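Q: Have a peek at target03.cif (mmCIF, C-alpha atoms and all ligand atoms).
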data_coords
loop_
_atom_site.group_PDB
_atom_site.id
_atom_site.type_symbol
_atom_site.label_atom_id
_atom_site.label_comp_id
_atom_site.auth_asym_id
_atom_site.auth_seq_id
_atom_site.Cartn_x
_atom_site.Cartn_y
_atom_site.Cartn_z
ATOM 1 C CA MET K 1 -121.976 32.210 -102.910
ATOM 2 C CA GLY K 2 -120.048 32.903 -99.701
ATOM 3 C CA SER K 3 -122.493 30.867 -97.615
ATOM 4 C CA ALA K 4 -122.472 27.877 -99.989
ATOM 5 C CA LEU K 5 -118.687 27.785 -100.216
ATOM 6 C CA ALA K 6 -118.406 28.034 -96.429
ATOM 7 C CA VAL K 7 -120.672 25.076 -95.620
ATOM 8 C CA GLY K 8 -119.244 22.891 -98.395
ATOM 9 C CA PRO K 9 -120.890 20.071 -100.359
ATOM 10 C CA GLN K 10 -122.037 17.929 -97.387
ATOM 11 C CA PRO K 11 -125.108 19.581 -95.767
ATOM 12 C CA THR K 12 -128.529 19.167 -97.340
ATOM 13 C CA VAL K 13 -129.862 22.497 -98.605
ATOM 14 C CA PHE K 14 -133.510 23.619 -98.394
ATOM 15 C CA PRO K 15 -133.616 26.719 -100.599
ATOM 16 C CA SER K 16 -136.148 29.488 -100.926
ATOM 17 C CA TYR K 17 -136.296 30.564 -104.598
ATOM 18 C CA ARG K 18 -133.283 32.878 -104.989
ATOM 19 C CA GLU K 19 -130.447 30.436 -104.414
ATOM 20 C CA HIS K 20 -129.353 30.072 -108.041
ATOM 21 C CA ALA K 21 -125.680 30.445 -107.154
ATOM 22 C CA VAL K 22 -125.979 27.733 -104.496
ATOM 23 C CA ALA K 23 -127.846 25.497 -106.963
ATOM 24 C CA LEU K 24 -125.124 25.849 -109.598
ATOM 25 C CA LEU K 25 -122.420 25.127 -107.007
ATOM 26 C CA ARG K 26 -124.282 21.977 -105.970
ATOM 27 C CA GLY K 27 -124.276 20.737 -109.561
ATOM 28 C CA VAL K 28 -127.739 21.784 -110.757
ATOM 29 C CA ALA K 29 -127.343 22.460 -114.493
ATOM 30 C CA PRO K 30 -128.409 25.911 -115.759
ATOM 31 C CA ASP K 31 -130.871 24.148 -118.100
ATOM 32 C CA GLU K 32 -132.452 22.308 -115.155
ATOM 33 C CA LEU K 33 -132.897 25.577 -113.252
ATOM 34 C CA VAL K 34 -134.478 27.397 -116.169
ATOM 35 C CA ALA K 35 -136.672 24.419 -117.151
ATOM 36 C CA GLN K 36 -138.215 24.661 -113.701
ATOM 37 C CA TRP K 37 -138.888 28.408 -113.997
ATOM 38 C CA ALA K 38 -140.361 27.813 -117.459
ATOM 39 C CA GLY K 39 -142.796 25.337 -115.908
ATOM 40 C CA ARG K 40 -141.493 22.394 -117.917
ATOM 41 C CA THR K 41 -140.633 20.264 -114.900
ATOM 42 C CA PHE K 42 -141.781 20.117 -111.290
ATOM 43 C CA CYS K 43 -138.218 20.334 -110.028
ATOM 44 C CA GLY K 44 -135.676 19.654 -112.769
ATOM 45 C CA TRP K 45 -132.932 18.095 -110.701
ATOM 46 C CA ASP K 46 -132.493 15.127 -108.378
ATOM 47 C CA PRO K 47 -132.791 16.603 -104.844
ATOM 48 C CA ARG K 48 -131.417 13.499 -103.144
ATOM 49 C CA ARG K 49 -128.333 13.093 -105.309
ATOM 50 C CA LEU K 50 -127.424 16.810 -105.182
ATOM 51 C CA ARG K 51 -128.654 17.266 -101.586
ATOM 52 C CA PHE K 52 -130.388 20.390 -102.869
ATOM 53 C CA PHE K 53 -134.161 20.322 -102.433
ATOM 54 C CA PRO K 54 -136.728 21.903 -104.792
ATOM 55 C CA TYR K 55 -137.264 25.656 -104.659
ATOM 56 C CA THR K 56 -140.106 26.631 -102.311
ATOM 57 C CA LEU K 57 -142.510 29.314 -103.458
ATOM 58 C CA VAL K 58 -144.814 28.932 -100.444
ATOM 59 C CA LEU K 59 -142.949 31.359 -98.209
ATOM 60 C CA ALA K 60 -141.135 29.779 -95.238
ATOM 61 C CA ALA K 61 -142.572 26.267 -95.782
ATOM 62 C CA GLN K 62 -138.996 25.078 -96.375
ATOM 63 C CA THR K 63 -137.983 26.187 -92.866
ATOM 64 C CA LEU K 64 -140.152 23.488 -91.263
ATOM 65 C CA HIS K 65 -139.256 20.954 -93.977
ATOM 66 C CA GLY K 66 -135.568 21.564 -93.267
ATOM 67 C CA VAL K 67 -135.811 21.247 -89.477
ATOM 68 C CA GLY K 68 -137.995 18.132 -89.777
ATOM 69 C CA TYR K 69 -135.588 16.575 -92.276
ATOM 70 C CA SER K 70 -132.621 17.228 -89.975
ATOM 71 C CA LEU K 71 -134.386 15.648 -86.980
ATOM 72 C CA GLY K 72 -135.458 12.658 -89.095
ATOM 73 C CA GLN K 73 -131.907 12.136 -90.342
ATOM 74 C CA ARG K 74 -130.573 12.291 -86.784
ATOM 75 C CA LEU K 75 -133.103 9.692 -85.586
ATOM 76 C CA GLN K 76 -131.830 7.368 -88.327
ATOM 77 C CA GLY K 77 -128.210 7.957 -87.404
ATOM 78 C CA ARG K 78 -127.464 9.787 -90.676
ATOM 79 C CA GLU K 79 -125.798 13.109 -91.548
ATOM 80 C CA ASP K 80 -128.246 15.707 -90.164
ATOM 81 C CA PHE K 81 -126.631 19.054 -91.066
ATOM 82 C CA VAL K 82 -129.169 21.097 -93.008
ATOM 83 C CA VAL K 83 -128.946 24.612 -94.445
ATOM 84 C CA VAL K 84 -132.227 26.514 -94.802
ATOM 85 C CA TYR K 85 -132.349 29.692 -96.923
ATOM 86 C CA VAL K 86 -135.087 32.213 -96.279
ATOM 87 C CA GLY K 87 -135.935 35.802 -97.251
ATOM 88 C CA ASP K 88 -136.705 38.619 -94.793
ATOM 89 C CA GLY K 89 -140.368 38.717 -95.807
ATOM 90 C CA ALA K 90 -140.750 34.970 -95.342
ATOM 91 C CA THR K 91 -139.610 35.316 -91.734
ATOM 92 C CA SER K 92 -142.947 37.086 -91.071
ATOM 93 C CA GLU K 93 -144.685 33.740 -91.653
ATOM 94 C CA GLY K 94 -145.603 31.670 -88.600
ATOM 95 C CA ASP K 95 -143.718 28.704 -90.096
ATOM 96 C CA MET K 96 -140.414 30.500 -89.499
ATOM 97 C CA SER K 97 -141.167 31.027 -85.795
ATOM 98 C CA GLU K 98 -142.241 27.396 -85.413
ATOM 99 C CA ALA K 99 -139.131 26.212 -87.242
ATOM 100 C CA MET K 100 -136.777 28.324 -85.117
ATOM 101 C CA ASN K 101 -138.445 27.236 -81.890
ATOM 102 C CA LEU K 102 -138.437 23.538 -82.862
ATOM 103 C CA ALA K 103 -134.812 23.743 -83.994
ATOM 104 C CA ALA K 104 -133.813 25.399 -80.697
ATOM 105 C CA VAL K 105 -135.783 23.017 -78.454
ATOM 106 C CA GLU K 106 -134.588 19.890 -80.293
ATOM 107 C CA SER K 107 -131.084 21.269 -80.833
ATOM 108 C CA ALA K 108 -131.370 20.532 -84.550
ATOM 109 C CA SER K 109 -128.273 20.823 -86.747
ATOM 110 C CA VAL K 110 -129.764 23.550 -88.901
ATOM 111 C CA LEU K 111 -128.072 26.647 -90.249
ATOM 112 C CA PHE K 112 -130.662 29.265 -91.186
ATOM 113 C CA VAL K 113 -129.351 31.717 -93.778
ATOM 114 C CA CYS K 114 -131.595 34.762 -94.161
ATOM 115 C CA GLN K 115 -131.062 36.867 -97.273
ATOM 116 C CA ASN K 116 -132.412 40.171 -96.012
ATOM 117 C CA ASN K 117 -132.742 42.332 -99.110
ATOM 118 C CA GLY K 118 -134.880 44.869 -97.242
ATOM 119 C CA TRP K 119 -138.057 44.112 -99.145
ATOM 120 C CA ALA K 120 -140.934 41.647 -99.357
ATOM 121 C CA ILE K 121 -142.045 42.739 -102.828
ATOM 122 C CA SER K 122 -143.102 46.356 -101.994
ATOM 123 C CA LYS K 123 -143.098 46.013 -98.187
ATOM 124 C CA PRO K 124 -139.905 47.413 -96.625
ATOM 125 C CA ALA K 125 -138.253 45.338 -93.909
ATOM 126 C CA ASP K 126 -138.663 48.090 -91.295
ATOM 127 C CA GLU K 127 -142.437 47.786 -91.734
ATOM 128 C CA GLN K 128 -142.256 44.022 -91.251
ATOM 129 C CA MET K 129 -140.301 43.776 -88.021
ATOM 130 C CA ARG K 130 -139.216 45.738 -84.948
ATOM 131 C CA THR K 131 -135.989 43.789 -84.415
ATOM 132 C CA SER K 132 -133.444 42.269 -86.770
ATOM 133 C CA VAL K 133 -133.988 38.665 -87.839
ATOM 134 C CA ALA K 134 -130.814 37.781 -85.911
ATOM 135 C CA GLU K 135 -132.214 39.265 -82.682
ATOM 136 C CA ARG K 136 -135.444 37.352 -83.204
ATOM 137 C CA ALA K 137 -133.506 34.080 -83.580
ATOM 138 C CA GLN K 138 -131.661 34.862 -80.336
ATOM 139 C CA GLY K 139 -135.065 35.256 -78.660
ATOM 140 C CA PHE K 140 -135.771 31.636 -79.571
ATOM 141 C CA GLY K 141 -132.444 30.587 -78.051
ATOM 142 C CA ILE K 142 -130.548 30.343 -81.335
ATOM 143 C CA GLU K 143 -127.073 31.829 -81.758
ATOM 144 C CA ALA K 144 -127.174 34.389 -84.539
ATOM 145 C CA VAL K 145 -125.148 37.021 -86.314
ATOM 146 C CA GLN K 146 -125.808 39.802 -88.814
ATOM 147 C CA VAL K 147 -123.347 40.322 -91.649
ATOM 148 C CA SER K 148 -123.075 42.620 -94.659
ATOM 149 C CA GLY K 149 -123.637 40.851 -97.955
ATOM 150 C CA GLN K 150 -121.539 43.515 -99.671
ATOM 151 C CA ASP K 151 -118.419 41.541 -98.821
ATOM 152 C CA PRO K 152 -118.390 37.873 -99.922
ATOM 153 C CA GLU K 153 -115.379 37.155 -97.715
ATOM 154 C CA ALA K 154 -117.205 38.444 -94.608
ATOM 155 C CA VAL K 155 -120.174 36.234 -95.515
ATOM 156 C CA PHE K 156 -117.835 33.268 -96.029
ATOM 157 C CA SER K 157 -116.186 33.806 -92.616
ATOM 158 C CA ALA K 158 -119.494 34.260 -90.768
ATOM 159 C CA CYS K 159 -120.980 31.150 -92.380
ATOM 160 C CA ALA K 160 -117.812 29.107 -91.789
ATOM 161 C CA ARG K 161 -117.992 29.995 -88.073
ATOM 162 C CA ALA K 162 -121.722 29.211 -88.046
ATOM 163 C CA ALA K 163 -121.138 25.842 -89.757
ATOM 164 C CA ALA K 164 -118.432 24.975 -87.215
ATOM 165 C CA HIS K 165 -120.942 25.757 -84.444
ATOM 166 C CA VAL K 166 -123.669 23.581 -86.012
ATOM 167 C CA ARG K 167 -121.203 20.703 -86.489
ATOM 168 C CA GLY K 168 -119.441 21.097 -83.132
ATOM 169 C CA VAL K 169 -122.304 21.889 -80.748
ATOM 170 C CA ARG K 170 -124.999 20.165 -82.871
ATOM 171 C CA ALA K 171 -127.288 23.145 -82.421
ATOM 172 C CA PRO K 172 -128.941 25.619 -84.796
ATOM 173 C CA TYR K 173 -127.475 28.965 -85.884
ATOM 174 C CA LEU K 174 -128.817 31.853 -87.940
ATOM 175 C CA VAL K 175 -126.812 34.140 -90.216
ATOM 176 C CA GLU K 176 -128.674 37.235 -91.416
ATOM 177 C CA ILE K 177 -127.058 38.583 -94.563
ATOM 178 C CA GLU K 178 -127.955 42.153 -95.453
ATOM 179 C CA VAL K 179 -128.019 42.453 -99.225
ATOM 180 C CA GLY K 180 -129.229 45.078 -101.671
ATOM 181 C CA ARG K 181 -132.008 44.428 -104.171
ATOM 182 C CA ILE K 182 -131.065 45.909 -107.511
ATOM 183 C CA HIS K 183 -134.020 44.847 -109.648
ATOM 184 C CA GLY K 184 -137.732 44.671 -108.874
ATOM 185 C CA HIS K 185 -139.088 41.682 -106.963
ATOM 186 C CA SER K 186 -139.781 39.916 -110.257
ATOM 187 C CA THR K 187 -139.838 40.831 -113.936
ATOM 188 C CA SER K 188 -143.482 41.905 -113.523
ATOM 189 C CA ASP K 189 -142.750 44.228 -110.577
ATOM 190 C CA ALA K 190 -142.297 47.960 -111.300
ATOM 191 C CA GLN K 191 -140.258 48.919 -108.228
ATOM 192 C CA GLU K 192 -140.024 52.549 -109.396
ATOM 193 C CA VAL K 193 -143.628 52.899 -108.162
ATOM 194 C CA TYR K 194 -142.703 52.395 -104.486
ATOM 195 C CA ARG K 195 -138.939 52.959 -104.338
ATOM 196 C CA SER K 196 -136.964 56.151 -104.846
ATOM 197 C CA ARG K 197 -134.690 56.532 -107.877
ATOM 198 C CA ASP K 198 -131.840 57.446 -105.519
ATOM 199 C CA ASP K 199 -132.220 54.265 -103.504
ATOM 200 C CA ILE K 200 -132.222 52.110 -106.656
ATOM 201 C CA ALA K 201 -129.211 53.990 -108.080
ATOM 202 C CA ARG K 202 -127.266 53.676 -104.800
ATOM 203 C CA THR K 203 -127.961 49.951 -104.592
ATOM 204 C CA ARG K 204 -126.946 49.401 -108.210
ATOM 205 C CA ALA K 205 -123.720 51.389 -107.734
ATOM 206 C CA ALA K 206 -122.848 49.205 -104.738
ATOM 207 C CA ASP K 207 -123.429 45.905 -106.647
ATOM 208 C CA PRO K 208 -121.216 43.492 -104.672
ATOM 209 C CA VAL K 209 -120.509 41.319 -107.726
ATOM 210 C CA THR K 210 -118.934 44.218 -109.600
ATOM 211 C CA ALA K 211 -117.253 45.587 -106.487
ATOM 212 C CA TYR K 212 -115.676 42.215 -105.647
ATOM 213 C CA ALA K 213 -114.466 41.678 -109.211
ATOM 214 C CA ASP K 214 -112.907 45.171 -109.148
ATOM 215 C CA ARG K 215 -111.284 44.465 -105.789
ATOM 216 C CA LEU K 216 -109.771 41.156 -106.924
ATOM 217 C CA ALA K 217 -108.548 42.748 -110.153
ATOM 218 C CA GLY K 218 -107.118 45.696 -108.176
ATOM 219 C CA LEU K 219 -105.172 43.289 -105.979
ATOM 220 C CA GLY K 220 -103.864 41.523 -109.080
ATOM 221 C CA LEU K 221 -105.512 38.239 -108.030
ATOM 222 C CA VAL K 222 -107.481 37.897 -111.283
ATOM 223 C CA ASP K 223 -106.825 39.546 -114.603
ATOM 224 C CA THR K 224 -109.474 41.517 -116.384
ATOM 225 C CA ALA K 225 -109.141 39.372 -119.533
ATOM 226 C CA TRP K 226 -110.293 36.367 -117.490
ATOM 227 C CA LEU K 227 -113.182 38.338 -115.987
ATOM 228 C CA ASP K 228 -114.203 39.511 -119.468
ATOM 229 C CA ALA K 229 -114.124 35.907 -120.713
ATOM 230 C CA VAL K 230 -116.409 34.845 -117.837
ATOM 231 C CA GLY K 231 -118.755 37.735 -118.672
ATOM 232 C CA ALA K 232 -118.888 36.685 -122.318
ATOM 233 C CA GLU K 233 -119.580 33.053 -121.362
ATOM 234 C CA VAL K 234 -122.435 34.141 -119.088
ATOM 235 C CA ARG K 235 -123.972 36.358 -121.798
ATOM 236 C CA GLU K 236 -123.818 33.490 -124.296
ATOM 237 C CA LEU K 237 -125.392 31.085 -121.792
ATOM 238 C CA ARG K 238 -128.156 33.572 -120.973
ATOM 239 C CA GLU K 239 -128.971 34.145 -124.647
ATOM 240 C CA ARG K 240 -129.117 30.410 -125.370
ATOM 241 C CA LEU K 241 -131.331 29.712 -122.349
ATOM 242 C CA MET K 242 -133.698 32.597 -123.126
ATOM 243 C CA LYS K 243 -134.100 31.309 -126.691
ATOM 244 C CA GLU K 244 -134.559 27.671 -125.727
ATOM 245 C CA TYR K 245 -136.992 28.252 -122.853
ATOM 246 C CA ALA K 246 -138.974 31.225 -124.205
HETATM 247 C C1 LIG K 301 -147.311 31.906 -98.008
HETATM 248 C C2 LIG K 301 -147.104 32.930 -99.081
HETATM 249 N N1 LIG K 301 -147.646 34.161 -98.960
HETATM 250 C C3 LIG K 301 -147.443 35.094 -99.928
HETATM 251 C C4 LIG K 301 -146.715 34.796 -101.038
HETATM 252 C C5 LIG K 301 -146.513 35.861 -102.125
HETATM 253 N N2 LIG K 301 -145.138 36.303 -102.142
HETATM 254 C C6 LIG K 301 -144.216 35.775 -102.994
HETATM 255 S S1 LIG K 301 -142.694 36.401 -102.762
HETATM 256 C C7 LIG K 301 -143.216 37.425 -101.524
HETATM 257 C C8 LIG K 301 -142.235 38.326 -100.812
HETATM 258 C C9 LIG K 301 -141.170 37.533 -100.127
HETATM 259 O O1 LIG K 301 -140.183 38.381 -99.624
HETATM 260 P P1 LIG K 301 -138.853 37.805 -99.048
HETATM 261 O O2 LIG K 301 -139.098 36.598 -98.218
HETATM 262 O O3 LIG K 301 -138.142 38.928 -98.395
HETATM 263 O O4 LIG K 301 -138.049 37.279 -100.321
HETATM 264 P P2 LIG K 301 -137.403 38.121 -101.521
HETATM 265 O O5 LIG K 301 -138.293 37.858 -102.705
HETATM 266 O O6 LIG K 301 -137.335 39.540 -101.119
HETATM 267 O O7 LIG K 301 -136.053 37.504 -101.721
HETATM 268 C C10 LIG K 301 -144.578 37.279 -101.301
HETATM 269 C C11 LIG K 301 -145.370 38.027 -100.303
HETATM 270 C C12 LIG K 301 -146.171 33.473 -101.159
HETATM 271 N N3 LIG K 301 -145.419 33.103 -102.187
HETATM 272 N N4 LIG K 301 -146.366 32.569 -100.157
HETATM 273 MG MG MG K 302 -136.782 40.185 -99.175
#
What would you get if you wrote out this structure as structure tokens?
Ligand SMILES: Cc1ncc(C[n+]2csc(CCOP(=O)(O)OP(=O)(O)O)c2C)c(N)n1
Ligand SMILES: [Mg+2]
A:
Amino acid sequence: MGSALAVGPQPTVFPSYREHAVALLRGVAPDELVAQWAGRTFCGWDPRRLRFFPYTLVLAAQTLHGVGYSLGQRLQGREDFVVVYVGDGATSEGDMSEAMNLAAVESASVLFVCQNNGWAISKPADEQMRTSVAERAQGFGIEAVQVSGQDPEAVFSACARAAAHVRGVRAPYLVEIEVGRIHGHSTSDAQEVYRSRDDIARTRAADPVTAYADRLAGLGLVDTAWLDAVGAEVRELRERLMKEYA
């Protein structure tokens, strides 16, 4: 949410498959999102109109699509700022290295946003890489920063600075956001098999959505009645969607 708000509505987004908040902000309807997951449509929304491309399940393929799209736009004298979302596990794919190198060499206007949730299904991040994703980007000649996803305002600030760099210098940037993974990889993944109860409990207790709502309420910036109303609306929406797309 922080990253999407920071870059604004202009850049074209190449998502992975976890960017539901970004999709909704861009104007994808909840029904269109769920229709895609239910296999009723190939995409569900108009990628050109919303400047939000289809979800990519082939890990890291979107990184090359995004860099190529940005370069193509630039050659045609059009808006070339692209945001590419990618998971930590996907960065282990060769596509990600090719995309970072091409973006650096061609000085592409691409902001890579890595959601590092510490896991590629059951493979922990520290068994996937010896450096952070940010350090790896720097090795390719890309400016990069690591930020805690616990604080949406820190993510917003980091991504706003990154977006200013991409726009000002016309060069790539990578923001690595460290987030917790509360649930299993998917609804068919029993994470209790490979993850300690303590780790899951700690991550759940630190849920940034709840923590941020509590913080805003504590500061008197939102009232709890409003937050409760949002919660009720979300529950209603979820129930309707689950019924309609079962
Ligand atoms: C090229 C490719 N290899 C393997 C898979 C199977 N697969 C789907 S998700 C996933 C883990 C991805 O982890 P990460 O990029 O960290 O994203 P996360 O789901 O943790 O957000 C794997 C291995 C795939 N979809 N595509
Ligand atoms: Mg991951």
Q: Would you compute an axis-aligned box for ligand LIG 301 (chain K), covering every atom listed for it in the file with 8 Å of margin on each side, and report centre and edge lengths in Å to one decimal as AutoDock Vina command-line options?
A:
--center_x -141.8 --center_y 35.7 --center_z -100.5 --size_x 27.6 --size_y 23.6 --size_z 21.0
Q: Go ahead and compute the interatomic distance for atom C7 of ligand LIG 301 (chain K) and CA of Phe81 (chain K), in Å to one decimal.
A: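 Rounded to one decimal, the two atoms are 26.9 Å apart.
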Q: Sorted by chain and rising residue number, list the residues of chain K at most 8 Å from ligand LIG 301 (chain K) (counting all atoms listed in the file), each with its closest atom pair and distance in Å to one decimal, as a tab-separated table.
A:
residue	atom	partner	partner_atom	distance
K:Tyr17	CA	K:LIG301	O7	7.5
K:Arg18	CA	K:LIG301	O7	6.3
K:Leu57	CA	K:LIG301	N3	4.9
K:Val58	CA	K:LIG301	N4	4.0
K:Leu59	CA	K:LIG301	N4	4.1
K:Ala60	CA	K:LIG301	C1	7.1
K:Ala61	CA	K:LIG301	C1	7.7
K:Val86	CA	K:LIG301	O2	6.3
K:Gly87	CA	K:LIG301	O2	3.4
K:Asp88	CA	K:LIG301	O3	3.9
K:Gly89	CA	K:LIG301	O3	3.4
K:Ala90	CA	K:LIG301	O2	3.7
K:Thr91	CA	K:LIG301	O2	6.6
K:Glu93	CA	K:LIG301	C1	7.1
K:Gln115	CA	K:LIG301	O7	6.7
K:Asn116	CA	K:LIG301	O3	6.3
K:Asn117	CA	K:LIG301	O6	5.7
K:Gly118	CA	K:LIG301	O3	6.9
K:Trp119	CA	K:LIG301	O6	5.0
K:Ala120	CA	K:LIG301	O1	3.4
K:Ile121	CA	K:LIG301	C8	4.9
K:Ala125	CA	K:LIG301	O3	7.8
K:Arg181	CA	K:LIG301	O6	7.8
K:His185	CA	K:LIG301	O5	5.8
K:Ser186	CA	K:LIG301	O5	8.0
Q: Report the residues retrieved by the PyMOL selection byres (((chain K and resi 55) around 9) and not hetatm) from the displayed file, expressed as a list in words.
A: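 Here the PyMOL selection byres (((chain K and resi 55) around 9) and not hetatm) matches Phe14, Pro15, Ser16, Tyr17, Arg18, Glu19, Cys43, Phe52, Phe53, Pro54, Thr56, Leu57 and Gln62 of chain K.
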Q: I'd like the contact shell of Gln73 (chain K) - 12 Å cut-off, all atoms listed in the file, skipping same-chain residues fewer than 3 positions apart - returned as a list of chain:residue names.
A: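 That gives K:Pro11, K:Thr12, K:Gly66, K:Val67, K:Gly68, K:Tyr69, K:Ser70, K:Gln76, K:Gly77, K:Arg78, K:Glu79, K:Asp80, K:Phe81, K:Val82, K:Ala108, K:Ser109, K:Val110.
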Q: May I ask which of the residues K:Glu178, K:Glu98, K:Glu233, K:Asp31 is the closest one to ligand MG 302 (chain K), counting all atoms listed in the file?
A: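 Selected residue with least distance to ligand MG 302 (chain K): K:Glu178.
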Q: If you count all atoms listed in the file, which residues fall within 12 Å of region 146-161 of chain K, apart from same-chain ones fewer than 5 positions away, as an MDAnalysis selection string?
A: chainID K and resid 1:8 83 111:118 131:138 166:169 173:181 203:213 215:216
Q: Using N, CA, C and O atoms, give me region 36-52 of chain K from the structure I just pasted, as a PDB file, in the first residue's frame.
A:
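Contents of selection.pdb, freshly written:
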ATOM      1  N   GLN K  36     -10.291 -13.805 -11.711  1.00  0.00           N
ATOM      2  CA  GLN K  36      -9.055 -14.324 -12.247  1.00  0.00           C
ATOM      3  C   GLN K  36      -8.557 -15.515 -11.428  1.00  0.00           C
ATOM      4  O   GLN K  36      -8.178 -16.553 -11.954  1.00  0.00           O
ATOM      5  N   TRP K  37      -8.587 -15.380 -10.084  1.00  0.00           N
ATOM      6  CA  TRP K  37      -8.135 -16.488  -9.239  1.00  0.00           C
ATOM      7  C   TRP K  37      -9.044 -17.703  -9.364  1.00  0.00           C
ATOM      8  O   TRP K  37      -8.616 -18.833  -9.163  1.00  0.00           O
ATOM      9  N   ALA K  38     -10.331 -17.456  -9.702  1.00  0.00           N
ATOM     10  CA  ALA K  38     -11.260 -18.576  -9.856  1.00  0.00           C
ATOM     11  C   ALA K  38     -11.122 -19.213 -11.241  1.00  0.00           C
ATOM     12  O   ALA K  38     -11.798 -20.190 -11.546  1.00  0.00           O
ATOM     13  N   GLY K  39     -10.259 -18.649 -12.070  1.00  0.00           N
ATOM     14  CA  GLY K  39     -10.027 -19.228 -13.394  1.00  0.00           C
ATOM     15  C   GLY K  39     -11.127 -18.914 -14.389  1.00  0.00           C
ATOM     16  O   GLY K  39     -11.289 -19.607 -15.388  1.00  0.00           O
ATOM     17  N   ARG K  40     -11.913 -17.865 -14.107  1.00  0.00           N
ATOM     18  CA  ARG K  40     -13.007 -17.537 -15.027  1.00  0.00           C
ATOM     19  C   ARG K  40     -12.583 -16.604 -16.141  1.00  0.00           C
ATOM     20  O   ARG K  40     -13.276 -16.447 -17.127  1.00  0.00           O
ATOM     21  N   THR K  41     -11.468 -15.918 -15.949  1.00  0.00           N
ATOM     22  CA  THR K  41     -10.952 -15.030 -16.993  1.00  0.00           C
ATOM     23  C   THR K  41      -9.441 -15.226 -17.053  1.00  0.00           C
ATOM     24  O   THR K  41      -8.828 -15.724 -16.100  1.00  0.00           O
ATOM     25  N   PHE K  42      -8.841 -14.799 -18.155  1.00  0.00           N
ATOM     26  CA  PHE K  42      -7.380 -14.870 -18.253  1.00  0.00           C
ATOM     27  C   PHE K  42      -6.743 -13.755 -17.422  1.00  0.00           C
ATOM     28  O   PHE K  42      -5.675 -13.897 -16.894  1.00  0.00           O
ATOM     29  N   CYS K  43      -7.396 -12.610 -17.384  1.00  0.00           N
ATOM     30  CA  CYS K  43      -6.839 -11.489 -16.636  1.00  0.00           C
ATOM     31  C   CYS K  43      -7.939 -10.860 -15.774  1.00  0.00           C
ATOM     32  O   CYS K  43      -7.839 -10.850 -14.562  1.00  0.00           O
ATOM     33  N   GLY K  44      -9.003 -10.388 -16.395  1.00  0.00           N
ATOM     34  CA  GLY K  44     -10.107  -9.849 -15.602  1.00  0.00           C
ATOM     35  C   GLY K  44     -10.206  -8.347 -15.655  1.00  0.00           C
ATOM     36  O   GLY K  44     -11.240  -7.771 -15.367  1.00  0.00           O
ATOM     37  N   TRP K  45      -9.104  -7.687 -15.986  1.00  0.00           N
ATOM     38  CA  TRP K  45      -9.153  -6.225 -16.046  1.00  0.00           C
ATOM     39  C   TRP K  45      -8.425  -5.772 -17.321  1.00  0.00           C
ATOM     40  O   TRP K  45      -7.757  -6.567 -17.987  1.00  0.00           O
ATOM     41  N   ASP K  46      -8.552  -4.485 -17.621  1.00  0.00           N
ATOM     42  CA  ASP K  46      -7.904  -3.959 -18.820  1.00  0.00           C
ATOM     43  C   ASP K  46      -6.529  -3.397 -18.432  1.00  0.00           C
ATOM     44  O   ASP K  46      -6.434  -2.313 -17.845  1.00  0.00           O
ATOM     45  N   PRO K  47      -5.452  -4.138 -18.722  1.00  0.00           N
ATOM     46  CA  PRO K  47      -4.111  -3.733 -18.261  1.00  0.00           C
ATOM     47  C   PRO K  47      -3.682  -2.379 -18.808  1.00  0.00           C
ATOM     48  O   PRO K  47      -2.968  -1.642 -18.131  1.00  0.00           O
ATOM     49  N   ARG K  48      -4.111  -2.064 -20.037  1.00  0.00           N
ATOM     50  CA  ARG K  48      -3.670  -0.791 -20.621  1.00  0.00           C
ATOM     51  C   ARG K  48      -4.355   0.386 -19.962  1.00  0.00           C
ATOM     52  O   ARG K  48      -3.721   1.374 -19.618  1.00  0.00           O
ATOM     53  N   ARG K  49      -5.671   0.262 -19.770  1.00  0.00           N
ATOM     54  CA  ARG K  49      -6.427   1.383 -19.194  1.00  0.00           C
ATOM     55  C   ARG K  49      -5.971   1.643 -17.748  1.00  0.00           C
ATOM     56  O   ARG K  49      -5.764   2.780 -17.341  1.00  0.00           O
ATOM     57  N   LEU K  50      -5.791   0.567 -16.977  1.00  0.00           N
ATOM     58  CA  LEU K  50      -5.431   0.728 -15.556  1.00  0.00           C
ATOM     59  C   LEU K  50      -3.917   0.846 -15.356  1.00  0.00           C
ATOM     60  O   LEU K  50      -3.463   1.118 -14.246  1.00  0.00           O
ATOM     61  N   ARG K  51      -3.152   0.622 -16.421  1.00  0.00           N
ATOM     62  CA  ARG K  51      -1.684   0.573 -16.326  1.00  0.00           C
ATOM     63  C   ARG K  51      -1.254  -0.388 -15.196  1.00  0.00           C
ATOM     64  O   ARG K  51      -0.381  -0.102 -14.395  1.00  0.00           O
ATOM     65  N   PHE K  52      -1.947  -1.508 -15.167  1.00  0.00           N
ATOM     66  CA  PHE K  52      -1.657  -2.561 -14.184  1.00  0.00           C
ATOM     67  C   PHE K  52      -1.737  -3.886 -14.943  1.00  0.00           C
ATOM     68  O   PHE K  52      -2.813  -4.333 -15.329  1.00  0.00           O
TER      69      PHE K  52
END
